[in-house]
Amino acid sequence: MKVLIVLTSHDKLGDTGRTTGFWLEELAAPYYRFKEAGWDITLASPKGGQPPLDPKSNEPANQTDQTRRFETDPEATRALATTVRLDSVTADDYDTVFYPGGHGPLWDLAEDTDSARLIETTLRSGKPLALVCHAPGVLRHTINEDGTPLVQGRKVTGFTNSEEDGVALTDIVPFLVEDELKKLGGIYSTTSDWQPYVVQDGLLITGQNPASSGPAADALITLTTAQTTTVAEKSPSASA
């Protein structure tokens with residue numbers, strides 16, 4: 001099984017002078033879920049190479065066993081340092097796609113046409129896709145084949161307005177994930193702030209916050225395995 005993990009290349013937190021990027025837990029927890037499932041992992045980002053890490057995600061209070069494991073794992077850190085350019089990948093080469101969050105995606109991936117095309121093609125090809133925390137905001141310009149917003153009428157979740165208030169960035173981010181998903185017609189739901197929460201609607205899986213990244217990866221593994229099994233059972237070679 002091949003999974004593509006798409007990370008941000010954006011490192012500026014608005015005009016605050018502070019840096020941002022991807023949230024380490026949201027990469028590390030899924031990364032090891034996929035490794036333990038025996039999956040082949042490819043990391044991609046708009047600019048390729050080393051994506052920027054949100055420094056807050058590596059503060060002691062936000063570290064986890066998985067983040068500490070990732071940072072001392074030569075294979076993982078090498079893969080992170082050499083992400084492929086997003087414009088060089090195609091959905092045909094992967095069984096599924098996973099988007100970690102962090103605030104960075106709100107600036108670059110949310111406006112990236114290659115990202116939008118990847119998401120649309122993945123889902124239209126009958127393959128599952130998952131996004132967690134701020135990453136569901138990346139769906140803002142994705143559309144269905146009839147031109148309607150991709151999230152319209154779909155059950156979704158993502159970083160809440162109250163969680164954004166909690167990190168004091170409501171007036172800094174280019175848009176609020178919760179507001180954007182609702183504006184696009186998504187059937188948005190949440191649980192308590194900072195608690196794990198995952199929503200699945202067909203092939204689309206979304207997670208509310210960093211704590212949801214591992215459970216979202218688990219849901220993606222289950223769904224992708226089921227989808228692949230179903231496709232194999234329907235193929236001519238399987239019935240021959």
# chains A, B, ... in the order shown; residues from 1 in each chain; ligands from 1
call {"tool": "residues_around", "arguments": {"residues": "A:Val151", "least_positions_apart": "2", "cutoff": "6 Å", "atoms": "only C-alpha atoms", "output": "NGL selection string"}}
result
:A and (149 or 154 or 186)
call {"tool": "select_by_dssp", "arguments": {"residues": "stretch 27-65 of chain A", "states": "strand (DSSP E or B)", "output": "PyMOL selection string"}}
result
chain A and resi 40-45+49+53
call {"tool": "write_last_selection", "arguments": {"atoms": "all heavy atoms", "output": "mmCIF file, in the first residue's frame"}}
result
data_model
loop_
_atom_site.group_PDB
_atom_site.id
_atom_site.type_symbol
_atom_site.label_atom_id
_atom_site.label_comp_id
_atom_site.auth_asym_id
_atom_site.auth_seq_id
_atom_site.Cartn_x
_atom_site.Cartn_y
_atom_site.Cartn_z
ATOM 1 N N ASP A 40 4.150 1.835 2.241
ATOM 2 C CA ASP A 40 5.235 2.604 1.642
ATOM 3 C C ASP A 40 4.846 4.080 1.709
ATOM 4 O O ASP A 40 3.786 4.470 1.188
ATOM 5 C CB ASP A 40 5.434 2.155 0.194
ATOM 6 C CG ASP A 40 6.569 2.886 -0.487
ATOM 7 O OD1 ASP A 40 7.547 3.220 0.196
ATOM 8 O OD2 ASP A 40 6.464 3.146 -1.699
ATOM 9 N N ILE A 41 5.686 4.898 2.341
ATOM 10 C CA ILE A 41 5.352 6.302 2.609
ATOM 11 C C ILE A 41 6.189 7.226 1.744
ATOM 12 O O ILE A 41 7.425 7.100 1.687
ATOM 13 C CB ILE A 41 5.579 6.644 4.096
ATOM 14 C CG1 ILE A 41 4.754 5.722 5.000
ATOM 15 C CG2 ILE A 41 5.263 8.113 4.365
ATOM 16 C CD1 ILE A 41 5.116 5.838 6.477
ATOM 17 N N THR A 42 5.535 8.179 1.084
ATOM 18 C CA THR A 42 6.218 9.254 0.363
ATOM 19 C C THR A 42 5.776 10.581 0.954
ATOM 20 O O THR A 42 4.582 10.802 1.167
ATOM 21 C CB THR A 42 5.873 9.229 -1.140
ATOM 22 O OG1 THR A 42 6.300 7.983 -1.703
ATOM 23 C CG2 THR A 42 6.558 10.380 -1.875
ATOM 24 N N LEU A 43 6.730 11.467 1.233
ATOM 25 C CA LEU A 43 6.418 12.800 1.739
ATOM 26 C C LEU A 43 6.569 13.809 0.608
ATOM 27 O O LEU A 43 7.540 13.763 -0.152
ATOM 28 C CB LEU A 43 7.350 13.179 2.892
ATOM 29 C CG LEU A 43 7.403 12.230 4.100
ATOM 30 C CD1 LEU A 43 8.299 12.814 5.183
ATOM 31 C CD2 LEU A 43 6.021 11.959 4.639
ATOM 32 N N ALA A 44 5.625 14.732 0.515
ATOM 33 C CA ALA A 44 5.655 15.764 -0.519
ATOM 34 C C ALA A 44 5.350 17.119 0.099
ATOM 35 O O ALA A 44 4.732 17.212 1.171
ATOM 36 C CB ALA A 44 4.632 15.457 -1.622
ATOM 37 N N SER A 45 5.780 18.177 -0.571
ATOM 38 C CA SER A 45 5.478 19.549 -0.162
ATOM 39 C C SER A 45 5.550 20.424 -1.408
ATOM 40 O O SER A 45 6.187 20.042 -2.399
ATOM 41 C CB SER A 45 6.470 20.038 0.902
ATOM 42 O OG SER A 45 7.790 20.054 0.394
ATOM 43 N N GLY A 49 11.980 19.282 -0.670
ATOM 44 C CA GLY A 49 13.017 19.447 0.348
ATOM 45 C C GLY A 49 12.450 19.463 1.758
ATOM 46 O O GLY A 49 11.398 18.892 2.024
ATOM 47 N N LEU A 53 9.059 23.270 10.209
ATOM 48 C CA LEU A 53 8.369 22.749 11.395
ATOM 49 C C LEU A 53 7.872 23.910 12.236
ATOM 50 O O LEU A 53 8.635 24.846 12.517
ATOM 51 C CB LEU A 53 9.342 21.897 12.210
ATOM 52 C CG LEU A 53 8.859 21.418 13.581
ATOM 53 C CD1 LEU A 53 7.750 20.398 13.422
ATOM 54 C CD2 LEU A 53 10.027 20.829 14.379
#
call {"tool": "closest_residue", "arguments": {"among": "A:Ser212, A:Thr90, A:Gln50, A:Thr83", "to": "A:Arg117", "atoms": "only C-alpha atoms"}}
result
A:Thr90
call {"tool": "residues_around", "arguments": {"residues": "A:Val132", "least_positions_apart": "2", "cutoff": "12 Å", "atoms": "only C-alpha atoms", "output": "PDB file with N, CA, C and O atoms, in the first residue's frame"}}
result
ATOM      1  N   ILE A   5       1.967  11.607   1.901  1.00  0.00           N
ATOM      2  CA  ILE A   5       1.717  12.574   2.969  1.00  0.00           C
ATOM      3  C   ILE A   5       2.130  13.951   2.456  1.00  0.00           C
ATOM      4  O   ILE A   5       3.276  14.142   2.050  1.00  0.00           O
ATOM      5  N   VAL A   6       1.187  14.903   2.468  1.00  0.00           N
ATOM      6  CA  VAL A   6       1.427  16.227   1.905  1.00  0.00           C
ATOM      7  C   VAL A   6       1.606  17.249   3.025  1.00  0.00           C
ATOM      8  O   VAL A   6       0.702  17.461   3.840  1.00  0.00           O
ATOM      9  N   LEU A   7       2.771  17.896   3.035  1.00  0.00           N
ATOM     10  CA  LEU A   7       3.126  18.867   4.068  1.00  0.00           C
ATOM     11  C   LEU A   7       3.225  20.270   3.489  1.00  0.00           C
ATOM     12  O   LEU A   7       3.416  20.455   2.288  1.00  0.00           O
ATOM     13  N   PHE A  22       4.405  22.907   9.647  1.00  0.00           N
ATOM     14  CA  PHE A  22       3.538  21.761   9.946  1.00  0.00           C
ATOM     15  C   PHE A  22       3.660  21.429  11.432  1.00  0.00           C
ATOM     16  O   PHE A  22       4.634  21.788  12.092  1.00  0.00           O
ATOM     17  N   TRP A  23       2.633  20.731  11.956  1.00  0.00           N
ATOM     18  CA  TRP A  23       2.615  20.350  13.369  1.00  0.00           C
ATOM     19  C   TRP A  23       3.176  18.942  13.492  1.00  0.00           C
ATOM     20  O   TRP A  23       2.660  18.010  12.874  1.00  0.00           O
ATOM     21  N   GLU A  25       3.331  16.432  15.680  1.00  0.00           N
ATOM     22  CA  GLU A  25       2.516  15.280  16.086  1.00  0.00           C
ATOM     23  C   GLU A  25       1.643  14.787  14.944  1.00  0.00           C
ATOM     24  O   GLU A  25       1.399  13.583  14.793  1.00  0.00           O
ATOM     25  N   GLU A  26       1.158  15.726  14.117  1.00  0.00           N
ATOM     26  CA  GLU A  26       0.239  15.371  13.042  1.00  0.00           C
ATOM     27  C   GLU A  26       0.933  14.671  11.883  1.00  0.00           C
ATOM     28  O   GLU A  26       0.274  14.079  11.030  1.00  0.00           O
ATOM     29  N   LEU A  27       2.259  14.746  11.871  1.00  0.00           N
ATOM     30  CA  LEU A  27       3.046  13.926  10.936  1.00  0.00           C
ATOM     31  C   LEU A  27       3.498  12.642  11.618  1.00  0.00           C
ATOM     32  O   LEU A  27       3.346  11.551  11.068  1.00  0.00           O
ATOM     33  N   ALA A  29       2.558  10.856  14.376  1.00  0.00           N
ATOM     34  CA  ALA A  29       1.597   9.810  14.769  1.00  0.00           C
ATOM     35  C   ALA A  29       1.108   9.019  13.558  1.00  0.00           C
ATOM     36  O   ALA A  29       1.148   7.779  13.561  1.00  0.00           O
ATOM     37  N   PRO A  30       0.645   9.673  12.478  1.00  0.00           N
ATOM     38  CA  PRO A  30       0.246   8.914  11.291  1.00  0.00           C
ATOM     39  C   PRO A  30       1.415   8.160  10.644  1.00  0.00           C
ATOM     40  O   PRO A  30       1.242   7.032  10.170  1.00  0.00           O
ATOM     41  N   VAL A  97      -4.054   9.376   0.321  1.00  0.00           N
ATOM     42  CA  VAL A  97      -3.325  10.611   0.605  1.00  0.00           C
ATOM     43  C   VAL A  97      -3.704  11.103   2.001  1.00  0.00           C
ATOM     44  O   VAL A  97      -4.870  11.030   2.407  1.00  0.00           O
ATOM     45  N   PHE A  98      -2.701  11.619   2.712  1.00  0.00           N
ATOM     46  CA  PHE A  98      -2.921  12.141   4.069  1.00  0.00           C
ATOM     47  C   PHE A  98      -2.309  13.531   4.181  1.00  0.00           C
ATOM     48  O   PHE A  98      -1.169  13.746   3.779  1.00  0.00           O
ATOM     49  N   TYR A  99      -3.079  14.479   4.745  1.00  0.00           N
ATOM     50  CA  TYR A  99      -2.611  15.846   4.959  1.00  0.00           C
ATOM     51  C   TYR A  99      -2.513  16.154   6.455  1.00  0.00           C
ATOM     52  O   TYR A  99      -3.526  16.294   7.129  1.00  0.00           O
ATOM     53  N   PRO A 100      -1.296  16.286   7.013  1.00  0.00           N
ATOM     54  CA  PRO A 100      -1.159  16.822   8.367  1.00  0.00           C
ATOM     55  C   PRO A 100      -1.457  18.328   8.354  1.00  0.00           C
ATOM     56  O   PRO A 100      -1.407  18.968   7.302  1.00  0.00           O
ATOM     57  N   GLY A 101      -1.731  18.860   9.543  1.00  0.00           N
ATOM     58  CA  GLY A 101      -2.008  20.286   9.628  1.00  0.00           C
ATOM     59  C   GLY A 101      -0.829  21.101  10.119  1.00  0.00           C
ATOM     60  O   GLY A 101       0.299  20.930   9.672  1.00  0.00           O
ATOM     61  N   GLY A 102      -1.102  21.984  11.070  1.00  0.00           N
ATOM     62  CA  GLY A 102      -0.211  23.085  11.373  1.00  0.00           C
ATOM     63  C   GLY A 102      -0.805  24.293  10.674  1.00  0.00           C
ATOM     64  O   GLY A 102      -1.648  24.161   9.773  1.00  0.00           O
ATOM     65  N   HIS A 103      -0.389  25.485  11.048  1.00  0.00           N
ATOM     66  CA  HIS A 103      -0.986  26.677  10.440  1.00  0.00           C
ATOM     67  C   HIS A 103      -0.497  26.941   9.020  1.00  0.00           C
ATOM     68  O   HIS A 103      -1.186  27.581   8.227  1.00  0.00           O
ATOM     69  N   PRO A 105      -0.411  25.253   6.188  1.00  0.00           N
ATOM     70  CA  PRO A 105      -1.272  24.931   5.050  1.00  0.00           C
ATOM     71  C   PRO A 105      -2.323  25.992   4.728  1.00  0.00           C
ATOM     72  O   PRO A 105      -2.794  26.065   3.585  1.00  0.00           O
ATOM     73  N   LEU A 129      -9.025   9.672   1.336  1.00  0.00           N
ATOM     74  CA  LEU A 129      -8.157  10.813   1.627  1.00  0.00           C
ATOM     75  C   LEU A 129      -8.485  11.326   3.016  1.00  0.00           C
ATOM     76  O   LEU A 129      -9.658  11.375   3.402  1.00  0.00           O
ATOM     77  N   ALA A 130      -7.449  11.721   3.780  1.00  0.00           N
ATOM     78  CA  ALA A 130      -7.673  12.227   5.131  1.00  0.00           C
ATOM     79  C   ALA A 130      -6.909  13.522   5.354  1.00  0.00           C
ATOM     80  O   ALA A 130      -5.800  13.695   4.841  1.00  0.00           O
ATOM     81  N   HIS A 134      -5.774  21.824  10.869  1.00  0.00           N
ATOM     82  CA  HIS A 134      -5.949  22.931   9.928  1.00  0.00           C
ATOM     83  C   HIS A 134      -6.024  22.456   8.487  1.00  0.00           C
ATOM     84  O   HIS A 134      -6.486  23.192   7.612  1.00  0.00           O
ATOM     85  N   ALA A 135      -5.560  21.238   8.225  1.00  0.00           N
ATOM     86  CA  ALA A 135      -5.522  20.756   6.845  1.00  0.00           C
ATOM     87  C   ALA A 135      -6.886  20.669   6.161  1.00  0.00           C
ATOM     88  O   ALA A 135      -6.951  20.846   4.943  1.00  0.00           O
ATOM     89  N   PRO A 136      -8.007  20.420   6.863  1.00  0.00           N
ATOM     90  CA  PRO A 136      -9.278  20.470   6.152  1.00  0.00           C
ATOM     91  C   PRO A 136      -9.542  21.817   5.476  1.00  0.00           C
ATOM     92  O   PRO A 136     -10.321  21.895   4.525  1.00  0.00           O
ATOM     93  N   GLY A 137      -8.867  22.877   5.938  1.00  0.00           N
ATOM     94  CA  GLY A 137      -8.976  24.165   5.267  1.00  0.00           C
ATOM     95  C   GLY A 137      -8.432  24.130   3.850  1.00  0.00           C
ATOM     96  O   GLY A 137      -8.755  24.987   3.016  1.00  0.00           O
ATOM     97  N   VAL A 138      -7.590  23.139   3.555  1.00  0.00           N
ATOM     98  CA  VAL A 138      -7.025  22.976   2.221  1.00  0.00           C
ATOM     99  C   VAL A 138      -8.122  22.622   1.207  1.00  0.00           C
ATOM    100  O   VAL A 138      -7.926  22.760   0.000  1.00  0.00           O
ATOM    101  N   LEU A 139      -9.270  22.212   1.693  1.00  0.00           N
ATOM    102  CA  LEU A 139     -10.384  21.857   0.812  1.00  0.00           C
ATOM    103  C   LEU A 139     -11.124  23.073   0.266  1.00  0.00           C
ATOM    104  O   LEU A 139     -12.041  22.925  -0.543  1.00  0.00           O
ATOM    105  N   VAL A 156     -17.958  16.856   7.891  1.00  0.00           N
ATOM    106  CA  VAL A 156     -16.549  17.212   8.063  1.00  0.00           C
ATOM    107  C   VAL A 156     -16.299  17.786   9.457  1.00  0.00           C
ATOM    108  O   VAL A 156     -17.221  18.220  10.141  1.00  0.00           O
ATOM    109  N   THR A 157     -15.027  17.814   9.829  1.00  0.00           N
ATOM    110  CA  THR A 157     -14.592  18.522  11.017  1.00  0.00           C
ATOM    111  C   THR A 157     -13.246  19.171  10.706  1.00  0.00           C
ATOM    112  O   THR A 157     -12.712  19.027   9.611  1.00  0.00           O
ATOM    113  N   GLY A 158     -12.697  19.878  11.668  1.00  0.00           N
ATOM    114  CA  GLY A 158     -11.426  20.570  11.504  1.00  0.00           C
ATOM    115  C   GLY A 158     -11.217  21.465  12.709  1.00  0.00           C
ATOM    116  O   GLY A 158     -12.084  21.556  13.592  1.00  0.00           O
ATOM    117  N   PHE A 159     -10.096  22.131  12.759  1.00  0.00           N
ATOM    118  CA  PHE A 159      -9.747  22.980  13.891  1.00  0.00           C
ATOM    119  C   PHE A 159     -10.863  23.989  14.163  1.00  0.00           C
ATOM    120  O   PHE A 159     -11.304  24.700  13.267  1.00  0.00           O
ATOM    121  N   THR A 160     -11.326  24.031  15.405  1.00  0.00           N
ATOM    122  CA  THR A 160     -12.490  24.838  15.734  1.00  0.00           C
ATOM    123  C   THR A 160     -12.117  26.301  15.959  1.00  0.00           C
ATOM    124  O   THR A 160     -10.975  26.644  16.240  1.00  0.00           O
ATOM    125  N   VAL A 177     -10.807  27.744   9.845  1.00  0.00           N
ATOM    126  CA  VAL A 177     -11.185  26.470   9.242  1.00  0.00           C
ATOM    127  C   VAL A 177     -12.670  26.176   9.453  1.00  0.00           C
ATOM    128  O   VAL A 177     -13.388  25.812   8.512  1.00  0.00           O
ATOM    129  N   PRO A 196      -9.740  14.076  20.822  1.00  0.00           N
ATOM    130  CA  PRO A 196      -9.741  13.396  19.527  1.00  0.00           C
ATOM    131  C   PRO A 196     -11.147  13.332  18.932  1.00  0.00           C
ATOM    132  O   PRO A 196     -12.110  13.017  19.640  1.00  0.00           O
ATOM    133  N   TYR A 197     -11.238  13.634  17.654  1.00  0.00           N
ATOM    134  CA  TYR A 197     -12.531  13.564  16.969  1.00  0.00           C
ATOM    135  C   TYR A 197     -12.282  13.393  15.479  1.00  0.00           C
ATOM    136  O   TYR A 197     -11.576  14.199  14.857  1.00  0.00           O
ATOM    137  N   VAL A 198     -12.848  12.342  14.919  1.00  0.00           N
ATOM    138  CA  VAL A 198     -12.676  12.025  13.498  1.00  0.00           C
ATOM    139  C   VAL A 198     -14.037  11.822  12.857  1.00  0.00           C
ATOM    140  O   VAL A 198     -14.920  11.186  13.435  1.00  0.00           O
ATOM    141  N   VAL A 199     -14.207  12.388  11.675  1.00  0.00           N
ATOM    142  CA  VAL A 199     -15.449  12.253  10.916  1.00  0.00           C
ATOM    143  C   VAL A 199     -15.132  11.605   9.574  1.00  0.00           C
ATOM    144  O   VAL A 199     -14.189  12.003   8.900  1.00  0.00           O
ATOM    145  N   GLN A 200     -15.938  10.623   9.212  1.00  0.00           N
ATOM    146  CA  GLN A 200     -15.780   9.986   7.906  1.00  0.00           C
ATOM    147  C   GLN A 200     -17.065  10.140   7.108  1.00  0.00           C
ATOM    148  O   GLN A 200     -18.161   9.870   7.604  1.00  0.00           O
ATOM    149  N   LEU A 204     -13.885  10.482   2.341  1.00  0.00           N
ATOM    150  CA  LEU A 204     -13.254  11.639   2.968  1.00  0.00           C
ATOM    151  C   LEU A 204     -13.233  11.507   4.493  1.00  0.00           C
ATOM    152  O   LEU A 204     -14.280  11.342   5.128  1.00  0.00           O
ATOM    153  N   ILE A 205     -12.029  11.608   5.063  1.00  0.00           N
ATOM    154  CA  ILE A 205     -11.851  11.538   6.511  1.00  0.00           C
ATOM    155  C   ILE A 205     -11.243  12.852   6.983  1.00  0.00           C
ATOM    156  O   ILE A 205     -10.275  13.340   6.405  1.00  0.00           O
ATOM    157  N   THR A 206     -11.814  13.431   8.030  1.00  0.00           N
ATOM    158  CA  THR A 206     -11.258  14.657   8.603  1.00  0.00           C
ATOM    159  C   THR A 206     -11.122  14.503  10.115  1.00  0.00           C
ATOM    160  O   THR A 206     -11.931  13.842  10.756  1.00  0.00           O
ATOM    161  N   GLY A 207     -10.078  15.130  10.657  1.00  0.00           N
ATOM    162  CA  GLY A 207      -9.827  15.098  12.101  1.00  0.00           C
ATOM    163  C   GLY A 207      -9.779  16.512  12.645  1.00  0.00           C
ATOM    164  O   GLY A 207      -9.344  17.439  11.964  1.00  0.00           O
ATOM    165  N   GLN A 208     -10.226  16.701  13.875  1.00  0.00           N
ATOM    166  CA  GLN A 208     -10.430  18.041  14.430  1.00  0.00           C
ATOM    167  C   GLN A 208      -9.148  18.758  14.840  1.00  0.00           C
ATOM    168  O   GLN A 208      -9.049  19.981  14.663  1.00  0.00           O
ATOM    169  N   ASN A 209      -8.173  18.049  15.383  1.00  0.00           N
ATOM    170  CA  ASN A 209      -7.037  18.715  16.043  1.00  0.00           C
ATOM    171  C   ASN A 209      -5.841  17.759  16.110  1.00  0.00           C
ATOM    172  O   ASN A 209      -5.937  16.628  15.628  1.00  0.00           O
ATOM    173  N   PRO A 210      -4.712  18.187  16.696  1.00  0.00           N
ATOM    174  CA  PRO A 210      -3.558  17.283  16.747  1.00  0.00           C
ATOM    175  C   PRO A 210      -3.849  15.920  17.359  1.00  0.00           C
ATOM    176  O   PRO A 210      -3.346  14.903  16.865  1.00  0.00           O
ATOM    177  N   ALA A 211      -4.649  15.880  18.403  1.00  0.00           N
ATOM    178  CA  ALA A 211      -4.960  14.606  19.054  1.00  0.00           C
ATOM    179  C   ALA A 211      -5.728  13.656  18.149  1.00  0.00           C
ATOM    180  O   ALA A 211      -5.798  12.454  18.409  1.00  0.00           O
ATOM    181  N   SER A 212      -6.285  14.193  17.067  1.00  0.00           N
ATOM    182  CA  SER A 212      -7.082  13.388  16.140  1.00  0.00           C
ATOM    183  C   SER A 212      -6.239  12.765  15.034  1.00  0.00           C
ATOM    184  O   SER A 212      -6.753  11.977  14.236  1.00  0.00           O
ATOM    185  N   SER A 213      -4.951  13.112  14.972  1.00  0.00           N
ATOM    186  CA  SER A 213      -4.143  12.666  13.832  1.00  0.00           C
ATOM    187  C   SER A 213      -3.932  11.155  13.817  1.00  0.00           C
ATOM    188  O   SER A 213      -4.042  10.521  12.764  1.00  0.00           O
ATOM    189  N   GLY A 214      -3.622  10.570  14.962  1.00  0.00           N
ATOM    190  CA  GLY A 214      -3.465   9.122  15.026  1.00  0.00           C
ATOM    191  C   GLY A 214      -4.759   8.392  14.704  1.00  0.00           C
ATOM    192  O   GLY A 214      -4.778   7.490  13.855  1.00  0.00           O
ATOM    193  N   PRO A 215      -5.879   8.754  15.360  1.00  0.00           N
ATOM    194  CA  PRO A 215      -7.154   8.121  15.036  1.00  0.00           C
ATOM    195  C   PRO A 215      -7.570   8.310  13.577  1.00  0.00           C
ATOM    196  O   PRO A 215      -8.162   7.408  12.973  1.00  0.00           O
ATOM    197  N   ALA A 216      -7.256   9.467  12.995  1.00  0.00           N
ATOM    198  CA  ALA A 216      -7.581   9.685  11.581  1.00  0.00           C
ATOM    199  C   ALA A 216      -6.771   8.744  10.695  1.00  0.00           C
ATOM    200  O   ALA A 216      -7.274   8.211   9.703  1.00  0.00           O
ATOM    201  N   ALA A 217      -5.499   8.546  11.050  1.00  0.00           N
ATOM    202  CA  ALA A 217      -4.667   7.605  10.300  1.00  0.00           C
ATOM    203  C   ALA A 217      -5.205   6.187  10.429  1.00  0.00           C
ATOM    204  O   ALA A 217      -5.225   5.432   9.448  1.00  0.00           O
ATOM    205  N   ALA A 219      -8.312   5.352  10.873  1.00  0.00           N
ATOM    206  CA  ALA A 219      -9.513   5.287  10.037  1.00  0.00           C
ATOM    207  C   ALA A 219      -9.136   5.170   8.567  1.00  0.00           C
ATOM    208  O   ALA A 219      -9.781   4.447   7.799  1.00  0.00           O
ATOM    209  N   LEU A 220      -8.077   5.873   8.171  1.00  0.00           N
ATOM    210  CA  LEU A 220      -7.638   5.824   6.776  1.00  0.00           C
ATOM    211  C   LEU A 220      -7.093   4.439   6.421  1.00  0.00           C
ATOM    212  O   LEU A 220      -7.355   3.933   5.331  1.00  0.00           O
TER     213      LEU A 220
END
call {"tool": "atom_distance", "arguments": {"atom1": "atom CA of A:Thr19", "atom2": "atom CA of A:Asp54"}}
result
6.7 Å
call {"tool": "atom_distance", "arguments": {"atom1": "atom CA of A:Arg68", "atom2": "atom CA of A:Lys2"}}
result
24.5 Å
call {"tool": "select_by_dssp", "arguments": {"residues": "stretch 43-228 of chain A", "states": "helix (DSSP H, G or I)", "output": "ChimeraX atom specification"}}
result
/A:55-58,60-62,65-71,74-81,86-88,91-93,104-106,109-111,113-124,135-141,161-166,177-183,210-228
call {"tool": "residues_around", "arguments": {"residues": "stretch 226-228 of chain A", "least_positions_apart": "2", "cutoff": "12 Å", "atoms": "only C-alpha atoms", "output": "ChimeraX atom specification"}}
result
/A:1-2,94-96,123,125-129,202-203,219-224,230-235
call {"tool": "closest_residue", "arguments": {"among": "A:Thr72, A:Thr20, A:Gln63, A:Ser88", "to": "A:Gly48", "atoms": "only C-alpha atoms"}}
result
A:Ser88
call {"tool": "closest_residue", "arguments": {"among": "A:Glu180, A:Pro174, A:Leu4, A:Trp107", "to": "A:Asp92", "atoms": "only C-alpha atoms"}}
result
A:Leu4
call {"tool": "closest_residue", "arguments": {"among": "A:Gln152, A:Ser162, A:Gln195, A:Ser115", "to": "A:Pro46", "atoms": "only C-alpha atoms"}}
result
A:Ser115
call {"tool": "atom_distance", "arguments": {"atom1": "atom CA of A:Gly21", "atom2": "atom CA of A:Glu164"}}
result
15.6 Å
call {"tool": "closest_residue", "arguments": {"among": "A:Pro51, A:Asp179, A:Thr225, A:Leu184", "to": "A:Val3", "atoms": "only C-alpha atoms"}}
result
A:Thr225
